[in-house]
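Peer 1: Structure file data-v4.txt (compact mmCIF, C-alpha atoms and all ligand atoms) is given on the next line.
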```
# COMPACT_ATOMS: atom_id res chain seq x y z
CA MET M 1 -22.72 -18.04 12.08
CA ALA M 2 -19.52 -16.10 11.38
CA ASP M 3 -18.65 -15.79 7.70
CA PRO M 4 -15.05 -17.02 7.30
CA ASP M 5 -14.47 -14.73 4.31
CA ARG M 6 -15.72 -11.67 6.08
CA PHE M 7 -13.15 -9.55 7.79
CA SER M 8 -13.39 -9.11 11.52
CA LEU M 9 -11.01 -6.75 13.29
CA ALA M 10 -11.71 -8.55 16.55
CA GLU M 11 -10.24 -11.75 15.08
CA VAL M 12 -7.16 -9.95 13.78
CA LEU M 13 -6.50 -8.37 17.14
CA GLU M 14 -7.07 -11.73 18.82
CA SER M 15 -4.35 -13.27 16.59
CA PHE M 16 -1.89 -10.52 17.52
CA LYS M 17 -2.72 -11.14 21.18
CA LYS M 18 -2.13 -14.87 20.76
CA CYS M 19 1.18 -14.39 18.99
CA LEU M 20 2.88 -13.09 22.12
CA SER M 21 4.00 -15.88 24.48
CA ASP M 22 4.43 -15.38 28.24
CA GLU M 23 8.20 -15.47 27.67
CA GLY M 24 7.99 -12.60 25.19
CA GLU M 25 8.47 -14.79 22.14
CA ILE M 26 6.48 -14.05 19.00
CA LEU M 27 4.78 -17.07 17.50
CA GLN M 28 4.86 -16.83 13.73
CA GLU M 29 1.73 -18.92 13.27
CA HIS M 30 -0.45 -16.31 14.97
CA TYR M 31 1.51 -13.33 13.68
CA LEU M 32 0.87 -14.51 10.12
CA GLU M 33 -2.74 -15.35 10.96
CA GLY M 34 -3.14 -11.71 12.02
CA TRP M 35 -1.68 -10.61 8.70
CA LYS M 36 -4.02 -12.92 6.75
CA GLY M 37 -6.89 -11.20 8.50
CA LEU M 38 -5.53 -7.81 7.48
CA VAL M 39 -5.36 -8.98 3.88
CA LYS M 40 -9.08 -9.88 4.06
CA PHE M 41 -9.65 -6.40 5.38
CA MET M 42 -7.82 -4.81 2.46
CA SER M 43 -9.83 -6.96 0.03
CA SER M 44 -13.04 -5.60 1.51
CA LEU M 45 -11.80 -2.05 0.88
CA GLY M 46 -11.90 -2.52 -2.88
CA SER M 47 -9.58 -3.10 -5.82
CA ALA M 48 -7.47 0.03 -5.21
CA PHE M 49 -5.99 -1.90 -2.31
CA SER M 50 -5.13 -5.04 -4.24
CA PHE M 51 -1.57 -3.96 -5.03
CA ILE M 52 -1.02 -3.44 -1.32
CA SER M 53 -2.59 -6.74 -0.34
CA ASN M 54 -0.82 -8.66 -3.15
CA ASP M 55 2.54 -7.70 -1.73
CA ALA M 56 1.45 -8.74 1.77
CA VAL M 57 0.11 -12.06 0.39
CA THR M 58 3.45 -12.78 -1.32
CA LYS M 59 5.37 -12.09 1.87
CA ILE M 60 3.04 -14.12 4.07
CA GLN M 61 3.45 -17.01 1.60
CA ILE M 62 7.27 -16.83 1.69
CA LEU M 63 7.16 -17.14 5.48
CA GLU M 64 4.53 -19.91 5.38
CA ASP M 65 6.75 -21.87 2.98
CA TYR M 66 9.64 -21.70 5.44
CA ARG M 67 7.34 -22.77 8.23
CA SER M 68 6.12 -25.83 6.35
CA GLY M 69 9.56 -26.64 4.92
CA VAL M 70 12.22 -29.07 6.20
CA ASN M 71 13.52 -26.48 8.70
CA GLY M 72 10.02 -25.46 9.79
CA GLN M 73 10.85 -25.92 13.49
CA LYS M 74 13.36 -23.05 13.25
CA TYR M 75 10.56 -20.75 12.13
CA LEU M 76 8.31 -21.33 15.12
CA THR M 77 9.04 -17.92 16.61
CA ILE M 78 10.53 -14.72 15.20
CA GLN M 79 13.37 -15.13 17.71
CA SER M 80 14.21 -18.66 16.55
CA MET M 81 14.03 -17.61 12.90
CA VAL M 82 16.48 -14.73 13.44
CA LYS M 83 18.90 -16.96 15.33
CA TYR M 84 18.73 -19.73 12.74
CA GLU M 85 19.11 -17.51 9.68
CA VAL M 86 21.83 -15.30 11.19
CA ASP M 87 23.85 -18.22 12.61
CA ASN M 88 23.73 -20.00 9.25
CA GLU M 89 24.42 -16.91 7.11
CA LEU M 90 21.06 -17.17 5.37
CA VAL M 91 20.47 -13.40 5.32
CA ASP M 92 21.75 -10.86 2.76
CA LEU M 93 22.95 -8.10 5.07
CA THR M 94 24.07 -5.32 2.75
CA LYS M 95 22.89 -6.06 -0.77
CA ARG M 96 20.47 -8.45 -2.36
CA GLY M 97 22.05 -11.75 -3.39
CA ASP M 98 21.32 -15.45 -2.95
CA HIS M 99 19.23 -14.83 0.16
CA TRP M 100 17.10 -11.98 -1.19
CA ASP M 101 13.97 -13.68 0.18
CA SER M 102 15.24 -14.58 3.65
CA GLY M 103 12.65 -14.88 6.40
CA CYS M 104 14.33 -11.99 8.24
CA ARG M 105 14.04 -9.45 5.40
CA THR M 106 10.55 -10.62 4.47
CA LEU M 107 9.30 -10.26 8.02
CA LEU M 108 11.00 -6.86 8.34
CA ARG M 109 8.67 -5.54 5.60
CA LEU M 110 5.60 -6.77 7.45
CA HIS M 111 7.03 -5.45 10.71
CA ARG M 112 7.43 -1.93 9.28
CA ALA M 113 3.89 -2.05 7.87
CA LEU M 114 2.57 -3.15 11.26
CA ARG M 115 3.83 0.12 12.74
CA TRP M 116 1.85 1.99 10.14
CA LEU M 117 -1.26 -0.01 10.94
CA GLN M 118 -0.81 0.56 14.66
CA LEU M 119 -0.45 4.30 14.16
CA PHE M 120 -3.38 4.48 11.78
CA LEU M 121 -5.74 2.56 14.08
CA GLU M 122 -4.63 4.70 17.01
CA LYS M 123 -5.45 7.86 15.04
CA LEU M 124 -8.78 6.33 14.07
CA ARG M 125 -9.55 5.44 17.67
CA VAL M 126 -9.15 8.98 18.99
CA ALA M 127 -10.53 10.81 15.93
CA SER M 128 -13.91 12.52 15.80
CA ASP M 129 -16.80 10.96 13.83
CA ASN M 130 -16.46 13.32 10.91
CA SER M 131 -12.71 13.02 10.48
CA LYS M 132 -11.42 11.75 7.17
CA THR M 133 -10.02 8.24 7.26
CA SER M 134 -8.01 8.94 4.12
CA VAL M 135 -6.18 11.80 5.84
CA LEU M 136 -5.44 9.76 8.98
CA CYS M 137 -4.19 6.84 6.90
CA THR M 138 -1.98 9.06 4.72
CA GLU M 139 -0.52 10.82 7.77
CA ALA M 140 0.33 7.51 9.43
CA TYR M 141 1.87 6.28 6.18
CA GLN M 142 3.99 9.38 5.76
CA ASP M 143 5.12 9.30 9.38
CA VAL M 144 6.46 5.76 9.43
CA LEU M 145 6.35 3.79 6.17
CA ALA M 146 6.75 6.09 3.16
CA LYS M 147 10.49 6.54 3.78
CA TYR M 148 11.04 2.86 2.92
CA HIS M 149 9.17 3.01 -0.38
CA PRO M 150 10.20 4.30 -3.81
CA TRP M 151 8.30 7.21 -5.32
CA ILE M 152 6.01 5.09 -7.50
CA ILE M 153 4.75 3.01 -4.53
CA ARG M 154 4.25 6.15 -2.43
CA LYS M 155 2.18 7.64 -5.22
CA ALA M 156 0.02 4.54 -5.72
CA ALA M 157 -0.50 4.13 -1.96
CA THR M 158 -1.61 7.74 -1.58
CA VAL M 159 -4.13 7.31 -4.41
CA ALA M 160 -5.50 4.13 -2.78
CA PHE M 161 -5.86 5.83 0.62
CA TYR M 162 -7.80 8.63 -0.98
CA MET M 163 -10.59 6.12 -1.70
CA LEU M 164 -11.04 5.06 1.90
CA PRO M 165 -14.58 5.47 3.26
CA SER M 166 -15.56 7.78 6.12
CA ARG M 167 -14.78 6.79 9.70
CA ALA M 168 -18.36 5.57 10.24
CA ASN M 169 -18.37 3.36 7.11
CA PHE M 170 -14.92 2.18 7.91
CA PHE M 171 -16.04 0.95 11.32
CA GLU M 172 -18.86 -0.90 9.57
CA VAL M 173 -16.34 -2.73 7.35
CA MET M 174 -14.46 -3.62 10.51
CA ASN M 175 -17.51 -5.70 11.44
CA MET M 176 -17.37 -5.11 15.15
CA GLY M 177 -20.63 -3.48 16.12
CA PRO M 178 -21.25 0.10 17.24
CA THR M 179 -18.53 2.76 17.18
CA GLU M 180 -18.14 2.83 20.98
CA LYS M 181 -17.42 -0.88 20.95
CA VAL M 182 -14.83 -0.53 18.17
CA VAL M 183 -13.13 2.27 20.09
CA ALA M 184 -13.09 0.17 23.27
CA ILE M 185 -11.67 -2.92 21.54
CA LEU M 186 -9.01 -0.83 19.82
CA GLY M 187 -8.04 0.73 23.14
CA GLU M 188 -7.57 -2.69 24.66
CA ALA M 189 -5.85 -4.36 21.71
CA LEU M 190 -3.50 -1.71 20.34
CA PRO M 191 -1.08 -1.93 23.28
CA VAL M 192 -0.67 -5.62 22.42
CA VAL M 193 0.14 -4.81 18.80
CA ALA M 194 2.57 -2.17 20.09
CA LYS M 195 4.28 -4.70 22.34
CA THR M 196 4.68 -7.17 19.47
CA TYR M 197 6.15 -4.38 17.37
CA ASP M 198 8.57 -3.27 20.12
CA ILE M 199 9.87 -6.77 20.81
CA THR M 200 10.54 -7.35 17.10
CA GLU M 201 12.17 -3.94 16.77
CA ASP M 202 14.52 -4.65 19.73
CA LEU M 203 15.41 -8.06 18.38
CA TYR M 204 16.23 -6.71 14.91
CA SER M 205 18.16 -3.81 16.40
CA GLN M 206 20.28 -6.14 18.59
CA HIS M 207 21.24 -8.15 15.51
CA GLY M 208 21.77 -5.11 13.26
CA LEU M 209 18.95 -6.21 10.94
CA LEU M 210 16.87 -3.06 10.71
CA ASP M 211 18.14 -2.06 7.26
CA LEU M 212 18.09 -5.38 5.44
CA PRO M 213 18.00 -4.83 1.66
C1 LIG L 1 -5.89 0.20 5.53
C2 LIG L 1 -5.08 -0.71 6.40
C3 LIG L 1 -4.04 -1.46 5.66
C4 LIG L 1 -3.08 -2.21 6.57
C5 LIG L 1 -2.07 -3.06 5.88
C6 LIG L 1 -0.73 -2.43 5.68
C7 LIG L 1 0.04 -3.04 4.57
C8 LIG L 1 1.07 -2.07 4.03
C9 LIG L 1 1.78 -2.53 2.84
C10 LIG L 1 2.15 -1.41 1.89
C11 LIG L 1 2.65 -2.03 0.65
C12 LIG L 1 2.65 -1.16 -0.57
C13 LIG L 1 3.02 -1.95 -1.82
C14 LIG L 1 4.24 -2.77 -1.69
C15 LIG L 1 5.43 -2.29 -1.49
C16 LIG L 1 6.67 -3.14 -1.33
O1 LIG L 1 7.63 -2.60 -2.21
C17 LIG L 1 7.15 -3.02 0.11
N1 LIG L 1 6.32 -3.84 0.96
C18 LIG L 1 5.88 -3.41 2.16
C19 LIG L 1 5.01 -4.38 2.94
O2 LIG L 1 6.15 -2.35 2.64
C20 LIG L 1 8.59 -3.38 0.29
O3 LIG L 1 8.80 -4.73 -0.06
P1 LIG L 1 10.01 -5.09 -1.06
O4 LIG L 1 9.76 -4.40 -2.36
O5 LIG L 1 11.30 -4.62 -0.39
O6 LIG L 1 9.96 -6.61 -1.19
```
Kindly present the structure from the file in structure tokens form.
Peer 2:
Amino acid sequence: MADPDRFSLAEVLESFKKCLSDEGEILQEHYLEGWKGLVKFMSSLGSAFSFISNDAVTKIQILEDYRSGVNGQKYLTIQSMVKYEVDNELVDLTKRGDHWDSGCRTLLRLHRALRWLQLFLEKLRVASDNSKTSVLCTEAYQDVLAKYHPWIIRKAATVAFYMLPSRANFFEVMNMGPTEKVVAILGEALPVVAKTYDITEDLYSQHGLLDLP
């Protein structure tokens, strides 16, 4: 029987598949489910990753609280959340104030990190068996996420990545069977993650929300 505490990449990718509706809406329930799976993944990578996963846990919780709150219906999809918060001036647009923990700015942080994950897994998919996971992860981080982080976070993240296991061990932690299978599943699932990312990016861009403080 599947161990609920054990990370499975297949489940994470399944959640990201489920989060995209036929109408191109992103269902928060499944988006956050995907993130919870990623947190399990980071826990299985050891304590060096706990500062990364703690931040993700806090942000997932903020969004879950909105979803279970009195206005929970407005947080069904990312689209409905953006409309609700923007229409009701519930987002700090230029500097942090009363709405420093809006759903929009909280999700933006996860959204940016998702791009990193997508890039990293893509690098991992096409890499050779003896390539260093730590290098691939650091490259992906520097390409897309580091620019949003202060020096101290960049430093700590780079140290954590350094401790990542080899590609072969990494695939074992992913709990998905032989390498060829992992590569095949990644090839099928990453375009779905990319689509989720692109839809969110367009939505945020249309509303001028890409630089929320
Ligand atoms: C090995 C695969 C890992 C995939 C998961 C990716 C999660 C990336 C999160 C990096 C977080 C580093 C520590 C936290 C930094 C926060 O300052 C930062 N949060 C994020 C998610 O980038 C920005 O949030 P803040 O400080 O503006 O609330």
Peer 1: With ligand LIG 1 (chain L) as the partner and 8 Å as the cut-off, tabulate the residues of chain M that qualify, each row holding the nearest pair of atoms and their distance in Å to one decimal, using all atoms listed in the file, sorted by chain and rising number, as CSV.
Peer 2:
```
residue,atom,partner,partner_atom,distance
M:Leu38,CA,L:LIG1,C5,6.1
M:Val39,CA,L:LIG1,C5,7.1
M:Phe41,CA,L:LIG1,C2,7.4
M:Met42,CA,L:LIG1,C3,6.0
M:Leu45,CA,L:LIG1,C1,7.8
M:Phe51,CA,L:LIG1,C13,6.0
M:Ile52,CA,L:LIG1,C13,4.3
M:Ser53,CA,L:LIG1,C7,6.7
M:Asn54,CA,L:LIG1,C13,7.8
M:Asp55,CA,L:LIG1,C14,5.2
M:Ala56,CA,L:LIG1,C19,5.7
M:Lys59,CA,L:LIG1,O6,7.8
M:Thr106,CA,L:LIG1,O6,7.0
M:Arg109,CA,L:LIG1,C19,4.7
M:Leu110,CA,L:LIG1,C19,5.1
M:Arg112,CA,L:LIG1,O2,6.8
M:Ala113,CA,L:LIG1,C8,4.8
M:Leu114,CA,L:LIG1,C6,6.5
M:Trp116,CA,L:LIG1,C6,6.8
M:Leu117,CA,L:LIG1,C4,5.2
M:Phe120,CA,L:LIG1,C2,7.7
M:Cys137,CA,L:LIG1,C1,7.0
M:Leu145,CA,L:LIG1,O2,7.1
M:Tyr148,CA,L:LIG1,O2,7.2
M:His149,CA,L:LIG1,O1,6.1
M:Pro150,CA,L:LIG1,O1,7.5
M:Ile153,CA,L:LIG1,C13,5.9
M:Arg154,CA,L:LIG1,C12,7.7
M:Ala157,CA,L:LIG1,C12,6.3
M:Phe161,CA,L:LIG1,C1,7.5
M:Leu164,CA,L:LIG1,C1,8.0
M:Pro213,CA,L:LIG1,O5,7.0
```
Peer 1: Restricting the calculation to all atoms listed in the file, which member of M:Gly72, M:Gly103, M:Gly34, M:Gly24 is positioned closest to Phe7 in chain M?
Peer 2: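 With all atoms listed in the file as the atom set, the closest residue is M:Gly34.
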Peer 1: Given only C-alpha atoms as the basis, pick out the residue of M:Trp100, M:Tyr75, M:Tyr197, M:Phe16 nearest to His30 in chain M.
Peer 2: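 Smallest separation from His30 in chain M among the options: M:Phe16.
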Peer 1: So the first atom is CA of Lys74 in chain M and the second is CA of Glu11 in chain M; what is the distance between them in Å, to one decimal place?
Peer 2: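 These atoms are spaced 26.2 Å apart.
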Peer 1: Just to confirm, what's the straight-line distance from CA of Met81 in chain M to CA of Leu9 in chain M in Å (one decimal)?
Peer 2: 27.3 Å
Peer 1: If we draw a sphere of 10 Å around (-2.5, -15.7, 5.3), which residues have at least one atom in it when counting all atoms listed in the file? Please report them as a PDB file with C-alpha atoms, keeping the file's coordinate frame.
Peer 2:
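Heads up, here's the output in selection-v2.pdb:
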```pdb
ATOM      1  CA  GLU M  29       1.730 -18.920  13.270  1.00  0.00           C
ATOM      2  CA  HIS M  30      -0.450 -16.310  14.970  1.00  0.00           C
ATOM      3  CA  TYR M  31       1.510 -13.330  13.680  1.00  0.00           C
ATOM      4  CA  LEU M  32       0.870 -14.510  10.120  1.00  0.00           C
ATOM      5  CA  GLU M  33      -2.740 -15.350  10.960  1.00  0.00           C
ATOM      6  CA  GLY M  34      -3.140 -11.710  12.020  1.00  0.00           C
ATOM      7  CA  TRP M  35      -1.680 -10.610   8.700  1.00  0.00           C
ATOM      8  CA  LYS M  36      -4.020 -12.920   6.750  1.00  0.00           C
ATOM      9  CA  GLY M  37      -6.890 -11.200   8.500  1.00  0.00           C
ATOM     10  CA  LEU M  38      -5.530  -7.810   7.480  1.00  0.00           C
ATOM     11  CA  VAL M  39      -5.360  -8.980   3.880  1.00  0.00           C
ATOM     12  CA  LYS M  40      -9.080  -9.880   4.060  1.00  0.00           C
ATOM     13  CA  ALA M  56       1.450  -8.740   1.770  1.00  0.00           C
ATOM     14  CA  VAL M  57       0.110 -12.060   0.390  1.00  0.00           C
ATOM     15  CA  THR M  58       3.450 -12.780  -1.320  1.00  0.00           C
ATOM     16  CA  LYS M  59       5.370 -12.090   1.870  1.00  0.00           C
ATOM     17  CA  ILE M  60       3.040 -14.120   4.070  1.00  0.00           C
ATOM     18  CA  GLN M  61       3.450 -17.010   1.600  1.00  0.00           C
ATOM     19  CA  LEU M  63       7.160 -17.140   5.480  1.00  0.00           C
ATOM     20  CA  GLU M  64       4.530 -19.910   5.380  1.00  0.00           C
TER      21      GLU M  64
END
```
Peer 1: Compute the distance from (19.1, -5.9, 17.5) to each atom, counting only C-alpha atoms, keep the residues with any atom at most 12 Å away, and return them as a PyMOL selection string; use the coordinates of the file.
Peer 2: chain M and resi 79+82-83+86+198-211
Peer 1: With all atoms listed in the file as the counted atoms, please give the residues lying no more than 9 Å from Leu119 in chain M, apart from itself and same-chain residues fewer than 5 positions off, as a ChimeraX atom specification.
Peer 2: /M:114,124,137,140-141,143-144
Peer 1: Please measure the separation of CA of Leu212 in chain M and CA of Ser80 in chain M, giving the value in Å to one decimal.
Peer 2: 17.7 Å
Peer 1: Considering all atoms listed in the file, can you say which of M:Ser44, M:Asn169, M:Gln28, M:Ser131 comes closest to Cys104 in chain M?
Peer 2: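 Of M:Ser44, M:Asn169, M:Gln28, M:Ser131, the one nearest Cys104 in chain M is M:Gln28, counting all atoms listed in the file.
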Peer 1: So which one's closest to Asp101 in chain M, M:Tyr66, M:Phe49, M:Trp151, M:Phe170? Using only C-alpha atoms, please.
Peer 2: M:Tyr66
Peer 1: Which residue gives the smallest distance to Ser134 in chain M among M:Ser21, M:Ser102, M:Gln118, M:Thr158, with all atoms listed in the file counted?
Peer 2: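 Among the listed residues, M:Thr158 lies closest to Ser134 in chain M.
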Peer 1: Skip Val182 in chain M itself and residues of its chain fewer than 5 positions away, then list as a list in words all residues within 10 Å of it, counting only C-alpha atoms.
Peer 2: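 Surrounding residues, per the criterion: Leu9, Ala10, Arg125, Phe171, Glu172, Met174, Asn175, Met176, Gly177, Gly187 and Glu188 of chain M.
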Peer 1: Please output range 165-193 of chain M, rebuilt to include N, CA and C atoms, as a short mmCIF file (atom, residue, chain, number, x, y, z; two decimals), keeping the file's coordinate frame.
Peer 2:
```cif
data_model
loop_
_atom_site.label_atom_id
_atom_site.label_comp_id
_atom_site.auth_asym_id
_atom_site.auth_seq_id
_atom_site.Cartn_x
_atom_site.Cartn_y
_atom_site.Cartn_z
N PRO M 165 -13.28 4.91 2.85
CA PRO M 165 -14.58 5.47 3.26
C PRO M 165 -14.46 6.33 4.52
N SER M 166 -15.54 6.95 4.91
CA SER M 166 -15.56 7.78 6.12
C SER M 166 -15.33 6.91 7.35
N ARG M 167 -15.04 7.55 8.47
CA ARG M 167 -14.78 6.79 9.70
C ARG M 167 -15.96 5.86 10.04
N ALA M 168 -17.18 6.37 9.91
CA ALA M 168 -18.36 5.57 10.24
C ALA M 168 -18.47 4.33 9.35
N ASN M 169 -18.30 4.51 8.02
CA ASN M 169 -18.37 3.36 7.11
C ASN M 169 -17.22 2.39 7.34
N PHE M 170 -16.11 2.98 7.66
CA PHE M 170 -14.92 2.18 7.91
C PHE M 170 -15.16 1.25 9.10
N PHE M 171 -15.76 1.76 10.14
CA PHE M 171 -16.04 0.95 11.32
C PHE M 171 -17.04 -0.15 10.97
N GLU M 172 -17.91 0.12 10.01
CA GLU M 172 -18.86 -0.90 9.57
C GLU M 172 -18.12 -2.06 8.90
N VAL M 173 -17.14 -1.69 8.01
CA VAL M 173 -16.34 -2.73 7.35
C VAL M 173 -15.58 -3.56 8.39
N MET M 174 -15.20 -2.91 9.46
CA MET M 174 -14.46 -3.62 10.51
C MET M 174 -15.31 -4.68 11.19
N ASN M 175 -16.64 -4.61 11.02
CA ASN M 175 -17.51 -5.70 11.44
C ASN M 175 -17.44 -5.98 12.94
N MET M 176 -17.51 -4.93 13.72
CA MET M 176 -17.37 -5.11 15.15
C MET M 176 -18.46 -4.46 15.99
N GLY M 177 -19.55 -4.08 15.34
CA GLY M 177 -20.63 -3.48 16.12
C GLY M 177 -20.50 -1.96 16.21
N PRO M 178 -21.20 -1.37 17.17
CA PRO M 178 -21.25 0.10 17.24
C PRO M 178 -19.88 0.75 17.50
N THR M 179 -19.79 2.02 17.08
CA THR M 179 -18.53 2.76 17.18
C THR M 179 -17.89 2.68 18.57
N GLU M 180 -18.72 2.83 19.62
CA GLU M 180 -18.14 2.83 20.98
C GLU M 180 -17.43 1.51 21.26
N LYS M 181 -18.02 0.44 20.71
CA LYS M 181 -17.42 -0.88 20.95
C LYS M 181 -16.08 -0.99 20.21
N VAL M 182 -16.07 -0.49 18.95
CA VAL M 182 -14.83 -0.53 18.17
C VAL M 182 -13.74 0.23 18.91
N VAL M 183 -14.11 1.42 19.39
CA VAL M 183 -13.13 2.27 20.09
C VAL M 183 -12.59 1.55 21.33
N ALA M 184 -13.51 0.88 22.06
CA ALA M 184 -13.09 0.17 23.27
C ALA M 184 -12.15 -0.99 22.93
N ILE M 185 -12.51 -1.77 21.90
CA ILE M 185 -11.67 -2.92 21.54
C ILE M 185 -10.30 -2.44 21.06
N LEU M 186 -10.30 -1.36 20.29
CA LEU M 186 -9.01 -0.83 19.82
C LEU M 186 -8.15 -0.41 21.01
N GLY M 187 -8.77 0.25 21.97
CA GLY M 187 -8.04 0.73 23.14
C GLY M 187 -7.40 -0.41 23.92
N GLU M 188 -8.08 -1.55 23.91
CA GLU M 188 -7.57 -2.69 24.66
C GLU M 188 -6.50 -3.44 23.85
N ALA M 189 -6.71 -3.50 22.53
CA ALA M 189 -5.85 -4.36 21.71
C ALA M 189 -4.59 -3.67 21.18
N LEU M 190 -4.66 -2.37 20.96
CA LEU M 190 -3.50 -1.71 20.34
C LEU M 190 -2.22 -1.81 21.18
N PRO M 191 -2.31 -1.74 22.51
CA PRO M 191 -1.08 -1.93 23.28
C PRO M 191 -0.42 -3.29 23.02
N VAL M 192 -1.24 -4.30 22.71
CA VAL M 192 -0.67 -5.62 22.42
C VAL M 192 0.07 -5.60 21.09
N VAL M 193 -0.53 -4.95 20.10
CA VAL M 193 0.14 -4.81 18.80
C VAL M 193 1.45 -4.03 19.00
#
```
